[in-house]
file coords-v2.cif (mmCIF, C-alpha atoms)
data_structure
loop_
_atom_site.group_PDB
_atom_site.id
_atom_site.type_symbol
_atom_site.label_atom_id
_atom_site.label_comp_id
_atom_site.auth_asym_id
_atom_site.auth_seq_id
_atom_site.Cartn_x
_atom_site.Cartn_y
_atom_site.Cartn_z
ATOM 1 C CA MET A 1146 151.965 71.628 -27.304
ATOM 2 C CA GLN A 1147 149.622 69.115 -28.894
ATOM 3 C CA ALA A 1148 147.765 68.778 -25.605
ATOM 4 C CA ILE A 1149 147.282 72.549 -25.474
ATOM 5 C CA MET A 1150 145.927 72.626 -29.055
ATOM 6 C CA ASN A 1151 143.519 69.771 -28.330
ATOM 7 C CA SER A 1152 142.334 71.570 -25.218
ATOM 8 C CA ARG A 1153 141.704 74.768 -27.209
ATOM 9 C CA ARG A 1154 139.781 72.867 -29.896
ATOM 10 C CA LYS A 1155 137.558 71.257 -27.253
ATOM 11 C CA GLY A 1156 136.973 74.636 -25.679
ATOM 12 C CA LEU A 1157 136.042 76.167 -29.022
ATOM 13 C CA ARG A 1158 133.657 73.316 -29.816
ATOM 14 C CA ALA A 1159 132.029 73.717 -26.424
ATOM 15 C CA LEU A 1160 131.637 77.469 -26.987
ATOM 16 C CA VAL A 1161 130.072 76.952 -30.425
ATOM 17 C CA LEU A 1162 127.731 74.275 -29.081
ATOM 18 C CA THR A 1163 126.687 76.490 -26.194
ATOM 19 C CA SER A 1164 125.987 79.372 -28.593
ATOM 20 C CA LEU A 1165 123.883 77.176 -30.897
ATOM 21 C CA LEU A 1166 121.887 75.834 -27.997
ATOM 22 C CA GLY A 1167 121.329 79.359 -26.786
ATOM 23 C CA LEU A 1168 120.048 80.489 -30.178
ATOM 24 C CA SER A 1169 117.805 77.440 -30.399
ATOM 25 C CA GLY A 1170 116.397 78.131 -27.000
ATOM 26 C CA LEU A 1171 115.826 81.776 -27.911
ATOM 27 C CA ALA A 1172 113.931 80.783 -31.078
ATOM 28 C CA ALA A 1173 111.786 78.329 -29.132
ATOM 29 C CA GLY A 1174 111.149 80.942 -26.510
ATOM 30 C CA GLN A 1175 110.054 83.443 -29.135
ATOM 31 C CA THR A 1176 107.546 80.939 -30.526
ATOM 32 C CA GLU A 1177 106.198 80.176 -27.052
ATOM 33 C CA ARG A 1178 105.913 83.849 -26.175
ATOM 34 C CA TYR A 1179 103.816 84.764 -29.225
ATOM 35 C CA PRO A 1180 102.368 87.280 -29.156
ATOM 36 C CA SER A 1181 104.705 89.621 -27.305
ATOM 37 C CA ALA A 1182 103.320 92.804 -28.906
ATOM 38 C CA PRO A 1183 99.949 94.181 -30.074
ATOM 39 C CA VAL A 1184 98.297 92.462 -33.042
ATOM 40 C CA ARG A 1185 96.863 94.532 -35.900
ATOM 41 C CA LEU A 1186 93.579 93.350 -37.442
ATOM 42 C CA ILE A 1187 92.952 94.774 -40.917
ATOM 43 C CA LEU A 1188 89.301 95.099 -41.976
ATOM 44 C CA PRO A 1189 88.971 95.713 -45.748
ATOM 45 C CA ALA A 1190 85.599 97.424 -45.363
ATOM 46 C CA ALA A 1191 84.073 100.648 -44.105
ATOM 47 C CA ALA A 1192 82.743 101.349 -40.633
ATOM 48 C CA GLY A 1193 79.246 99.982 -40.028
ATOM 49 C CA THR A 1194 79.548 97.073 -42.453
ATOM 50 C CA GLY A 1195 79.241 93.447 -41.390
ATOM 51 C CA VAL A 1196 83.012 93.000 -41.620
ATOM 52 C CA ASP A 1197 83.550 96.024 -39.393
ATOM 53 C CA ILE A 1198 80.937 95.105 -36.778
ATOM 54 C CA LEU A 1199 81.908 91.429 -36.453
ATOM 55 C CA GLY A 1200 85.618 92.189 -36.646
ATOM 56 C CA ARG A 1201 85.416 94.638 -33.766
ATOM 57 C CA ILE A 1202 83.388 92.216 -31.655
ATOM 58 C CA ALA A 1203 85.988 89.512 -32.234
ATOM 59 C CA ALA A 1204 88.870 91.868 -31.492
ATOM 60 C CA GLN A 1205 87.496 92.667 -28.027
ATOM 61 C CA TYR A 1206 87.671 89.049 -26.956
ATOM 62 C CA LEU A 1207 90.719 88.060 -29.005
ATOM 63 C CA GLY A 1208 92.848 90.502 -27.053
ATOM 64 C CA ASP A 1209 91.941 88.744 -23.813
ATOM 65 C CA VAL A 1210 92.765 85.324 -25.252
ATOM 66 C CA LEU A 1211 96.109 86.429 -26.696
ATOM 67 C CA GLY A 1212 97.058 88.587 -23.741
ATOM 68 C CA GLN A 1213 97.875 91.503 -26.059
ATOM 69 C CA PRO A 1214 95.846 94.417 -27.451
ATOM 70 C CA VAL A 1215 94.243 93.860 -30.858
ATOM 71 C CA ILE A 1216 94.264 97.065 -32.884
ATOM 72 C CA VAL A 1217 91.522 97.299 -35.520
ATOM 73 C CA GLU A 1218 92.170 99.234 -38.713
ATOM 74 C CA ASN A 1219 89.688 99.819 -41.531
ATOM 75 C CA VAL A 1220 91.385 99.872 -44.945
ATOM 76 C CA VAL A 1221 88.715 100.520 -47.556
ATOM 77 C CA GLY A 1222 88.605 100.634 -51.324
ATOM 78 C CA ALA A 1223 88.310 98.603 -54.520
ATOM 79 C CA SER A 1224 85.932 95.907 -53.230
ATOM 80 C CA GLY A 1225 88.296 95.073 -50.395
ATOM 81 C CA VAL A 1226 91.366 94.760 -52.623
ATOM 82 C CA ILE A 1227 93.362 97.529 -50.920
ATOM 83 C CA GLY A 1228 92.879 96.060 -47.461
ATOM 84 C CA VAL A 1229 93.830 92.569 -48.583
ATOM 85 C CA GLN A 1230 96.967 93.921 -50.233
ATOM 86 C CA ARG A 1231 97.973 95.606 -46.978
ATOM 87 C CA VAL A 1232 98.071 92.191 -45.315
ATOM 88 C CA VAL A 1233 99.685 90.385 -48.255
ATOM 89 C CA ARG A 1234 102.579 92.855 -48.113
ATOM 90 C CA ALA A 1235 102.922 92.773 -44.321
ATOM 91 C CA LYS A 1236 105.724 90.997 -42.489
ATOM 92 C CA PRO A 1237 104.642 87.352 -41.965
ATOM 93 C CA ASP A 1238 105.150 87.310 -38.221
ATOM 94 C CA GLY A 1239 101.583 86.943 -36.967
ATOM 95 C CA TYR A 1240 101.223 90.587 -35.980
ATOM 96 C CA THR A 1241 99.167 91.676 -39.016
ATOM 97 C CA LEU A 1242 95.991 89.724 -39.748
ATOM 98 C CA LEU A 1243 93.150 90.041 -42.241
ATOM 99 C CA PHE A 1244 89.537 89.778 -41.077
ATOM 100 C CA THR A 1245 87.313 89.706 -44.121
ATOM 101 C CA PHE A 1246 84.230 88.219 -45.743
ATOM 102 C CA ASN A 1247 84.115 85.680 -48.521
ATOM 103 C CA GLN A 1248 83.713 88.276 -51.302
ATOM 104 C CA THR A 1249 87.415 89.141 -51.190
ATOM 105 C CA ILE A 1250 88.527 85.502 -51.098
ATOM 106 C CA THR A 1251 86.162 83.438 -53.258
ATOM 107 C CA ILE A 1252 84.401 85.960 -55.529
ATOM 108 C CA ASN A 1253 86.944 88.666 -56.373
ATOM 109 C CA PRO A 1254 89.240 86.229 -58.232
ATOM 110 C CA HIS A 1255 86.451 85.768 -60.804
ATOM 111 C CA VAL A 1256 84.982 89.269 -61.099
ATOM 112 C CA VAL A 1257 87.918 91.663 -60.618
ATOM 113 C CA ALA A 1258 90.215 92.055 -63.595
ATOM 114 C CA ASN A 1259 93.958 91.921 -62.861
ATOM 115 C CA LEU A 1260 93.400 91.106 -59.203
ATOM 116 C CA PRO A 1261 96.737 91.941 -57.512
ATOM 117 C CA TYR A 1262 96.622 89.026 -55.093
ATOM 118 C CA ASP A 1263 95.992 85.284 -55.156
ATOM 119 C CA PRO A 1264 94.153 84.174 -52.000
ATOM 120 C CA GLU A 1265 95.624 80.665 -52.088
ATOM 121 C CA LYS A 1266 99.204 81.727 -52.783
ATOM 122 C CA ASP A 1267 99.465 85.006 -50.877
ATOM 123 C CA LEU A 1268 97.478 84.280 -47.716
ATOM 124 C CA VAL A 1269 97.505 81.628 -45.002
ATOM 125 C CA PRO A 1270 94.097 80.601 -43.553
ATOM 126 C CA ILE A 1271 93.627 80.920 -39.797
ATOM 127 C CA SER A 1272 89.945 80.275 -38.980
ATOM 128 C CA ARG A 1273 86.425 80.750 -40.309
ATOM 129 C CA PHE A 1274 85.033 82.827 -37.475
ATOM 130 C CA ALA A 1275 81.332 83.220 -38.253
ATOM 131 C CA GLU A 1276 78.695 82.688 -40.904
ATOM 132 C CA SER A 1277 75.511 84.445 -41.846
ATOM 133 C CA THR A 1278 72.922 84.302 -44.566
ATOM 134 C CA PHE A 1279 71.199 86.501 -47.080
ATOM 135 C CA VAL A 1280 67.435 86.948 -47.188
ATOM 136 C CA TRP A 1281 65.309 87.375 -50.288
ATOM 137 C CA LEU A 1282 63.012 90.350 -49.695
ATOM 138 C CA ILE A 1283 60.194 91.510 -51.951
ATOM 139 C CA ASN A 1284 58.181 94.701 -51.910
ATOM 140 C CA ALA A 1285 54.770 94.085 -50.338
ATOM 141 C CA GLN A 1286 53.000 95.558 -53.381
ATOM 142 C CA VAL A 1287 54.091 92.587 -55.504
ATOM 143 C CA PRO A 1288 51.504 89.754 -55.355
ATOM 144 C CA VAL A 1289 54.049 87.182 -54.137
ATOM 145 C CA THR A 1290 54.150 85.702 -50.638
ATOM 146 C CA THR A 1291 56.390 82.614 -50.965
ATOM 147 C CA PHE A 1292 59.622 81.768 -52.763
ATOM 148 C CA PRO A 1293 57.973 79.237 -55.111
ATOM 149 C CA GLU A 1294 55.497 81.976 -56.058
ATOM 150 C CA LEU A 1295 58.435 84.265 -56.806
ATOM 151 C CA LEU A 1296 59.936 81.705 -59.161
ATOM 152 C CA ARG A 1297 56.627 81.215 -60.978
ATOM 153 C CA HIS A 1298 56.083 84.973 -61.236
ATOM 154 C CA ALA A 1299 59.617 85.565 -62.556
ATOM 155 C CA LYS A 1300 59.272 82.809 -65.167
ATOM 156 C CA ALA A 1301 55.919 84.186 -66.329
ATOM 157 C CA ASN A 1302 57.366 87.718 -66.475
ATOM 158 C CA PRO A 1303 61.018 87.323 -67.486
ATOM 159 C CA SER A 1304 63.272 90.288 -66.604
ATOM 160 C CA LYS A 1305 60.295 92.286 -65.340
ATOM 161 C CA LEU A 1306 60.981 92.095 -61.605
ATOM 162 C CA ALA A 1307 63.763 94.543 -60.763
ATOM 163 C CA MET A 1308 66.350 93.388 -58.246
ATOM 164 C CA GLY A 1309 68.680 95.874 -56.576
ATOM 165 C CA VAL A 1310 72.356 94.879 -56.332
ATOM 166 C CA THR A 1311 75.439 96.721 -55.130
ATOM 167 C CA GLY A 1312 77.782 95.772 -57.932
ATOM 168 C CA TYR A 1313 77.724 93.224 -60.727
ATOM 169 C CA GLY A 1314 80.361 91.255 -58.883
ATOM 170 C CA SER A 1315 78.534 91.148 -55.570
ATOM 171 C CA ALA A 1316 77.276 88.005 -53.867
ATOM 172 C CA ALA A 1317 73.679 89.111 -54.443
ATOM 173 C CA TYR A 1318 74.218 89.540 -58.184
ATOM 174 C CA LEU A 1319 76.009 86.209 -58.515
ATOM 175 C CA GLY A 1320 73.359 84.597 -56.328
ATOM 176 C CA ALA A 1321 70.674 85.748 -58.734
ATOM 177 C CA GLN A 1322 72.736 84.397 -61.629
ATOM 178 C CA MET A 1323 73.010 81.038 -59.865
ATOM 179 C CA LEU A 1324 69.245 81.031 -59.341
ATOM 180 C CA SER A 1325 68.687 81.683 -63.037
ATOM 181 C CA LEU A 1326 70.947 78.774 -63.930
ATOM 182 C CA GLN A 1327 69.112 76.441 -61.593
ATOM 183 C CA THR A 1328 65.514 77.497 -62.243
ATOM 184 C CA GLY A 1329 65.319 79.522 -65.441
ATOM 185 C CA ALA A 1330 63.884 82.512 -63.571
ATOM 186 C CA GLU A 1331 65.352 85.724 -65.041
ATOM 187 C CA LEU A 1332 65.387 88.996 -63.110
ATOM 188 C CA LEU A 1333 66.244 92.565 -64.095
ATOM 189 C CA HIS A 1334 69.351 93.635 -62.174
ATOM 190 C CA VAL A 1335 69.675 97.288 -61.163
ATOM 191 C CA ASN A 1336 73.141 98.261 -59.978
ATOM 192 C CA TYR A 1337 73.613 100.725 -57.112
ATOM 193 C CA ALA A 1338 76.829 102.206 -55.776
ATOM 194 C CA ASN A 1339 75.518 102.191 -52.216
ATOM 195 C CA ASN A 1340 72.623 101.020 -50.069
ATOM 196 C CA PHE A 1341 69.365 100.965 -52.053
ATOM 197 C CA SER A 1342 66.965 100.085 -49.212
ATOM 198 C CA ALA A 1343 64.920 103.251 -49.755
ATOM 199 C CA ASN A 1344 64.328 102.216 -53.368
ATOM 200 C CA LEU A 1345 63.198 98.763 -52.264
ATOM 201 C CA LEU A 1346 60.736 100.267 -49.787
ATOM 202 C CA SER A 1347 59.355 102.653 -52.432
ATOM 203 C CA ASN A 1348 58.993 99.803 -54.974
ATOM 204 C CA GLU A 1349 61.444 101.348 -57.450
ATOM 205 C CA VAL A 1350 63.065 97.929 -57.267
ATOM 206 C CA GLN A 1351 60.975 94.992 -56.163
ATOM 207 C CA LEU A 1352 63.570 92.521 -54.918
ATOM 208 C CA SER A 1353 66.761 92.249 -52.912
ATOM 209 C CA MET A 1354 68.995 89.558 -51.503
ATOM 210 C CA SER A 1355 69.882 91.430 -48.333
ATOM 211 C CA PRO A 1356 72.342 90.628 -45.533
ATOM 212 C CA ALA A 1357 70.550 89.190 -42.517
ATOM 213 C CA SER A 1358 71.660 92.109 -40.338
ATOM 214 C CA GLN A 1359 69.596 94.535 -42.461
ATOM 215 C CA VAL A 1360 66.425 92.451 -42.486
ATOM 216 C CA PRO A 1361 64.782 93.272 -39.118
ATOM 217 C CA GLY A 1362 64.816 96.996 -39.812
ATOM 218 C CA LEU A 1363 63.377 96.566 -43.301
ATOM 219 C CA LEU A 1364 60.641 94.186 -42.158
ATOM 220 C CA ALA A 1365 59.674 96.596 -39.385
ATOM 221 C CA THR A 1366 58.507 99.105 -42.015
ATOM 222 C CA GLY A 1367 55.799 96.693 -43.196
ATOM 223 C CA LYS A 1368 56.712 97.490 -46.799
ATOM 224 C CA VAL A 1369 58.604 94.288 -47.614
ATOM 225 C CA ARG A 1370 58.164 90.545 -47.084
ATOM 226 C CA ALA A 1371 60.843 87.958 -46.372
ATOM 227 C CA LEU A 1372 60.595 84.962 -48.728
ATOM 228 C CA ALA A 1373 63.579 82.750 -47.957
ATOM 229 C CA GLN A 1374 67.107 82.681 -46.601
ATOM 230 C CA THR A 1375 70.070 81.476 -48.628
ATOM 231 C CA GLY A 1376 72.178 79.584 -46.079
ATOM 232 C CA PRO A 1377 72.557 75.791 -45.818
ATOM 233 C CA ARG A 1378 70.033 75.597 -42.976
ATOM 234 C CA ARG A 1379 67.550 77.767 -41.120
ATOM 235 C CA THR A 1380 69.416 80.055 -38.750
ATOM 236 C CA ARG A 1381 68.546 80.216 -35.056
ATOM 237 C CA GLY A 1382 67.179 83.732 -35.369
ATOM 238 C CA MET A 1383 64.913 82.893 -38.347
ATOM 239 C CA LEU A 1384 63.670 79.357 -37.813
ATOM 240 C CA ASP A 1385 60.287 80.156 -39.393
ATOM 241 C CA LEU A 1386 61.862 81.353 -42.636
ATOM 242 C CA PRO A 1387 62.599 78.551 -45.152
ATOM 243 C CA THR A 1388 65.850 78.238 -47.041
ATOM 244 C CA VAL A 1389 66.011 78.564 -50.809
ATOM 245 C CA SER A 1390 67.490 75.050 -50.955
ATOM 246 C CA GLU A 1391 64.191 73.656 -49.624
ATOM 247 C CA PHE A 1392 62.739 74.609 -53.019
ATOM 248 C CA VAL A 1393 65.872 74.677 -55.195
ATOM 249 C CA PRO A 1394 68.211 71.831 -54.185
ATOM 250 C CA GLY A 1395 71.849 72.858 -54.094
ATOM 251 C CA HIS A 1396 71.181 76.575 -53.932
ATOM 252 C CA VAL A 1397 73.282 77.752 -50.969
ATOM 253 C CA ILE A 1398 74.870 81.176 -50.616
ATOM 254 C CA GLU A 1399 76.582 82.160 -47.409
ATOM 255 C CA ALA A 1400 78.043 85.341 -46.054
ATOM 256 C CA TRP A 1401 80.919 84.234 -43.886
ATOM 257 C CA TYR A 1402 83.820 85.882 -42.138
ATOM 258 C CA GLY A 1403 87.316 84.503 -41.761
ATOM 259 C CA VAL A 1404 90.852 85.327 -40.720
ATOM 260 C CA TRP A 1405 94.032 85.122 -42.794
ATOM 261 C CA ALA A 1406 97.713 85.924 -42.296
ATOM 262 C CA PRO A 1407 100.429 86.733 -44.838
ATOM 263 C CA GLN A 1408 102.013 83.790 -46.634
ATOM 264 C CA GLY A 1409 105.123 82.675 -44.816
ATOM 265 C CA THR A 1410 103.719 83.063 -41.318
ATOM 266 C CA PRO A 1411 105.352 80.338 -39.142
ATOM 267 C CA LYS A 1412 103.236 77.241 -38.625
ATOM 268 C CA PRO A 1413 103.403 77.423 -34.793
ATOM 269 C CA THR A 1414 102.088 80.979 -34.980
ATOM 270 C CA VAL A 1415 99.286 79.944 -37.357
ATOM 271 C CA LEU A 1416 98.307 77.151 -34.965
ATOM 272 C CA ALA A 1417 98.341 79.497 -31.959
ATOM 273 C CA LEU A 1418 96.173 82.019 -33.808
ATOM 274 C CA SER A 1419 93.769 79.361 -35.043
ATOM 275 C CA GLN A 1420 93.288 78.060 -31.502
ATOM 276 C CA ALA A 1421 92.785 81.593 -30.207
ATOM 277 C CA TRP A 1422 90.072 82.384 -32.770
ATOM 278 C CA MET A 1423 88.369 79.063 -32.035
ATOM 279 C CA LYS A 1424 88.268 80.003 -28.332
ATOM 280 C CA VAL A 1425 86.676 83.357 -29.154
ATOM 281 C CA ALA A 1426 84.030 81.761 -31.385
ATOM 282 C CA ALA A 1427 83.162 79.276 -28.624
ATOM 283 C CA MET A 1428 82.365 81.986 -26.070
ATOM 284 C CA PRO A 1429 78.616 82.120 -25.215
ATOM 285 C CA GLU A 1430 78.702 85.903 -24.996
ATOM 286 C CA VAL A 1431 80.104 86.089 -28.531
ATOM 287 C CA ALA A 1432 77.376 83.771 -29.841
ATOM 288 C CA ALA A 1433 74.737 85.955 -28.185
ATOM 289 C CA ARG A 1434 76.078 89.107 -29.793
ATOM 290 C CA LEU A 1435 76.358 87.482 -33.213
ATOM 291 C CA GLU A 1436 72.804 86.149 -33.069
ATOM 292 C CA LYS A 1437 71.487 89.697 -32.714
ATOM 293 C CA LEU A 1438 73.225 90.450 -36.009
ATOM 294 C CA GLY A 1439 71.811 87.427 -37.805
ATOM 295 C CA ALA A 1440 75.116 85.549 -37.622
ATOM 296 C CA GLU A 1441 76.366 82.383 -35.931
ATOM 297 C CA PRO A 1442 79.862 81.479 -34.690
ATOM 298 C CA VAL A 1443 81.863 78.801 -36.507
ATOM 299 C CA GLY A 1444 85.381 78.750 -35.105
ATOM 300 C CA SER A 1445 86.878 76.368 -37.659
ATOM 301 C CA SER A 1446 90.421 75.083 -37.964
ATOM 302 C CA ALA A 1447 92.768 76.563 -40.546
ATOM 303 C CA GLU A 1448 92.405 73.438 -42.696
ATOM 304 C CA ALA A 1449 88.601 73.604 -42.611
ATOM 305 C CA LEU A 1450 88.679 77.250 -43.700
ATOM 306 C CA ALA A 1451 90.975 76.408 -46.610
ATOM 307 C CA ASP A 1452 88.700 73.571 -47.759
ATOM 308 C CA HIS A 1453 85.568 75.714 -47.462
ATOM 309 C CA ALA A 1454 87.124 78.546 -49.463
ATOM 310 C CA ARG A 1455 88.292 76.191 -52.237
ATOM 311 C CA ARG A 1456 84.832 74.656 -52.643
ATOM 312 C CA GLU A 1457 83.126 78.029 -52.788
ATOM 313 C CA THR A 1458 85.716 79.390 -55.216
ATOM 314 C CA ARG A 1459 84.944 76.518 -57.603
ATOM 315 C CA THR A 1460 81.198 77.167 -57.308
ATOM 316 C CA TRP A 1461 81.516 80.820 -58.284
ATOM 317 C CA ALA A 1462 83.904 79.980 -61.104
ATOM 318 C CA GLU A 1463 81.246 77.712 -62.594
ATOM 319 C CA VAL A 1464 78.515 80.360 -62.261
ATOM 320 C CA VAL A 1465 80.669 83.087 -63.798
ATOM 321 C CA LYS A 1466 81.628 80.856 -66.736
ATOM 322 C CA ALA A 1467 78.096 79.565 -67.361
ATOM 323 C CA ARG A 1468 76.583 83.051 -67.333
ATOM 324 C CA GLY A 1469 79.357 84.689 -69.324
ATOM 325 C CA ILE A 1470 80.179 87.237 -66.633
ATOM 326 C CA ARG A 1471 83.277 89.292 -67.440
ATOM 327 C CA PRO A 1472 85.632 90.690 -64.804
ATOM 328 C CA SER A 1473 85.347 94.410 -64.144
ATOM 329 C CA GLN A 1474 88.311 96.777 -64.202
#
call {"tool": "encode", "arguments": {"input": "coords-v2.cif", "output": "structure tokens"}}
result
Amino acid sequence: MQAIMNSRRKGLRALVLTSLLGLSGLAAGQTERYPSAPVRLILPAAAGTGVDILGRIAAQYLGDVLGQPVIVENVVGASGVIGVQRVVRAKPDGYTLLFTFNQTITINPHVVANLPYDPEKDLVPISRFAESTFVWLINAQVPVTTFPELLRHAKANPSKLAMGVTGYGSAAYLGAQMLSLQTGAELLHVNYANNFSANLLSNEVQLSMSPASQVPGLLATGKVRALAQTGPRRTRGMLDLPTVSEFVPGHVIEAWYGVWAPQGTPKPTVLALSQAWMKVAAMPEVAARLEKLGAEPVGSSAEALADHARRETRTWAEVVKARGIRPSQ
């Protein structure tokens, strides 16, 4: 009888062990097979914006790398807040990703009151996909041809030059505030709900800090001049245009685009996604398409994206505090 009981116990242990090994193998297989379904890429911006254009370019190639379709969805509203929330609330399985620009990650925490998400706590970084720059443009009727001349003119005529901005929490507005801190040059900020290019061309406002993608079309009119770009170095498409930091050390403002997943996404999935986005950014055909838009590929690791975002977040926090900027509702 005892022998029979011992035999049954051994059999039961063997069955349990076999089941556990099977589950373990299934879990490993699921990780290795990621993704096994289409991936949804949320863009918290409207069609035709930089986020939309670059996100759709990336999605075309990302699908090939992952071996699954990448479905792009624009979720607009509230300075990108609604789109970010969609991802924050999504299941953390790697099948819902956020493709966004730095406004929603490093600026919104300082300028949006009661922001319903915390980028560091609610999102997991995947990769910084691309970077771009802004360009200071001035109406050709203003007797200024270089950035140093702009600074001298603004100091001699404080708050006389009108600068168009799309929101008092936008990168352009904060960039002008940073410039004032660093140089003492004060500008008059005119807030617009939408694109104000027509007003810049008609000289209703004299200045803008415009995304690089808008610059060629504006320059083609002959009604504006480009004075400087705001990135850390001269971009390949504008090597003749100096950076602001060549005249104002430390003044760097980027427009960059990155990818995040919901907090709780498994580390193996994060690594697989990071590697996939790095492969896309390294493709020559992607670089060629980005260059036409005034952007350059980056393809960073998840850790590099996290570090970059933290540094920029601190920079904007300092500007907002020093200039007494209050969050909007």
call {"tool": "residues_around", "arguments": {"input": "coords-v2.cif", "residues": "Arg1456 in chain A", "least_positions_apart": "4", "cutoff": "12 Å", "atoms": "only C-alpha atoms", "output": "PyMOL selection string"}}
result
chain A and resi 1247+1250-1252+1449-1452+1460-1463
call {"tool": "residues_around", "arguments": {"input": "coords-v2.cif", "residues": "range 1431-1436 of chain A", "least_positions_apart": "5", "cutoff": "10 Å", "atoms": "only C-alpha atoms", "output": "list in words"}}
result
Ile1198, Leu1199, Ile1202, Ala1203, Gln1205, Tyr1206, Ala1275, Glu1276, Ser1277, Ser1358, Thr1380, Arg1381, Gly1382, Val1425, Ala1426, Glu1441, Pro1442 and Val1443 of chain A
call {"tool": "atom_distance", "arguments": {"input": "coords-v2.cif", "atom1": "CA of Val1215 in chain A", "atom2": "CA of Leu1186 in chain A"}}
result
6.6 Å
call {"tool": "residues_around", "arguments": {"input": "coords-v2.cif", "residues": "Ala1301 in chain A", "least_positions_apart": "4", "cutoff": "12 Å", "atoms": "all atoms listed in the file", "output": "ChimeraX atom specification"}}
result
/A:1294-1297,1305-1306,1329-1332
call {"tool": "resolve_selection", "arguments": {"input": "coords-v2.cif", "expression": "the PyMOL selection byres ((chain A and resi 1355) around 12)", "output": "MDAnalysis selection string"}}
result
chainID A and resid 1195 1277:1283 1308:1311 1315:1318 1320:1321 1340:1342 1345 1352:1354 1356:1364 1369:1375 1398:1400 1439
call {"tool": "resolve_selection", "arguments": {"input": "coords-v2.cif", "expression": "the PyMOL selection byres ((chain A and resi 1220) around 9)", "output": "list in words"}}
result
Ile1187, Leu1188, Pro1189, Ala1190, Ala1191, Glu1218, Asn1219, Val1221, Gly1222, Gly1225, Ile1227, Gly1228, Val1229 and Arg1231 of chain A
call {"tool": "write_last_selection", "arguments": {"input": "coords-v2.cif", "atoms": "C-alpha atoms", "output": "mmCIF file, in the coordinates of the input"}}
result
data_model
loop_
_atom_site.group_PDB
_atom_site.id
_atom_site.type_symbol
_atom_site.label_atom_id
_atom_site.label_comp_id
_atom_site.auth_asym_id
_atom_site.auth_seq_id
_atom_site.Cartn_x
_atom_site.Cartn_y
_atom_site.Cartn_z
ATOM 1 C CA ILE A 1187 92.952 94.774 -40.917
ATOM 2 C CA LEU A 1188 89.301 95.099 -41.976
ATOM 3 C CA PRO A 1189 88.971 95.713 -45.748
ATOM 4 C CA ALA A 1190 85.599 97.424 -45.363
ATOM 5 C CA ALA A 1191 84.073 100.648 -44.105
ATOM 6 C CA GLU A 1218 92.170 99.234 -38.713
ATOM 7 C CA ASN A 1219 89.688 99.819 -41.531
ATOM 8 C CA VAL A 1221 88.715 100.520 -47.556
ATOM 9 C CA GLY A 1222 88.605 100.634 -51.324
ATOM 10 C CA GLY A 1225 88.296 95.073 -50.395
ATOM 11 C CA ILE A 1227 93.362 97.529 -50.920
ATOM 12 C CA GLY A 1228 92.879 96.060 -47.461
ATOM 13 C CA VAL A 1229 93.830 92.569 -48.583
ATOM 14 C CA ARG A 1231 97.973 95.606 -46.978
#
call {"tool": "axis_aligned_box", "arguments": {"input": "coords-v2.cif", "around": "range 1457-1471 of chain A", "padding_each_side": "4 Å", "output": "lines of an AutoDock Vina configuration file"}}
result
center_x = 81.1
center_y = 82.9
center_z = -61.1
size_x = 17.1
size_y = 20.8
size_z = 24.5
call {"tool": "resolve_selection", "arguments": {"input": "coords-v2.cif", "expression": "the PyMOL selection byres ((chain A and resi 1260) around 12)", "output": "short mmCIF file (atom, residue, chain, number, x, y, z; two decimals) with C-alpha atoms, in the coordinates of the input"}}
result
data_model
loop_
_atom_site.label_atom_id
_atom_site.label_comp_id
_atom_site.auth_asym_id
_atom_site.auth_seq_id
_atom_site.Cartn_x
_atom_site.Cartn_y
_atom_site.Cartn_z
CA ALA A 1223 88.31 98.60 -54.52
CA SER A 1224 85.93 95.91 -53.23
CA GLY A 1225 88.30 95.07 -50.40
CA VAL A 1226 91.37 94.76 -52.62
CA ILE A 1227 93.36 97.53 -50.92
CA VAL A 1229 93.83 92.57 -48.58
CA GLN A 1230 96.97 93.92 -50.23
CA THR A 1249 87.42 89.14 -51.19
CA ILE A 1250 88.53 85.50 -51.10
CA ILE A 1252 84.40 85.96 -55.53
CA ASN A 1253 86.94 88.67 -56.37
CA PRO A 1254 89.24 86.23 -58.23
CA HIS A 1255 86.45 85.77 -60.80
CA VAL A 1256 84.98 89.27 -61.10
CA VAL A 1257 87.92 91.66 -60.62
CA ALA A 1258 90.22 92.06 -63.60
CA ASN A 1259 93.96 91.92 -62.86
CA PRO A 1261 96.74 91.94 -57.51
CA TYR A 1262 96.62 89.03 -55.09
CA ASP A 1263 95.99 85.28 -55.16
CA PRO A 1264 94.15 84.17 -52.00
CA ASP A 1267 99.46 85.01 -50.88
CA PRO A 1472 85.63 90.69 -64.80
CA SER A 1473 85.35 94.41 -64.14
CA GLN A 1474 88.31 96.78 -64.20
#
call {"tool": "closest_residue", "arguments": {"input": "coords-v2.cif", "among": "A:Asn1284, A:Ser1390, A:Thr1241, A:Gln1213", "to": "Gln1408 in chain A", "atoms": "all atoms listed in the file"}}
result
A:Thr1241
call {"tool": "residues_around", "arguments": {"input": "coords-v2.cif", "residues": "range 1409-1418 of chain A", "least_positions_apart": "5", "cutoff": "7 Å", "atoms": "all atoms listed in the file", "output": "PyMOL selection string"}}
result
chain A and resi 1176+1237-1239+1271
call {"tool": "closest_residue", "arguments": {"input": "coords-v2.cif", "among": "A:Ala1338, A:Ser1272, A:Lys1466, A:Ala1235", "to": "Gly1312 in chain A", "atoms": "all atoms listed in the file"}}
result
A:Ala1338
call {"tool": "residues_near_point", "arguments": {"input": "coords-v2.cif", "point": "(88.5, 84.0, -45.4)", "cutoff": "7 Å", "atoms": "all atoms listed in the file", "output": "PyMOL selection string"}}
result
chain A and resi 1245-1247+1250+1270+1273+1402-1405+1450+1454
call {"tool": "atom_distance", "arguments": {"input": "coords-v2.cif", "atom1": "CA of Val1287 in chain A", "atom2": "CA of Asn1302 in chain A"}}
result
12.4 Å
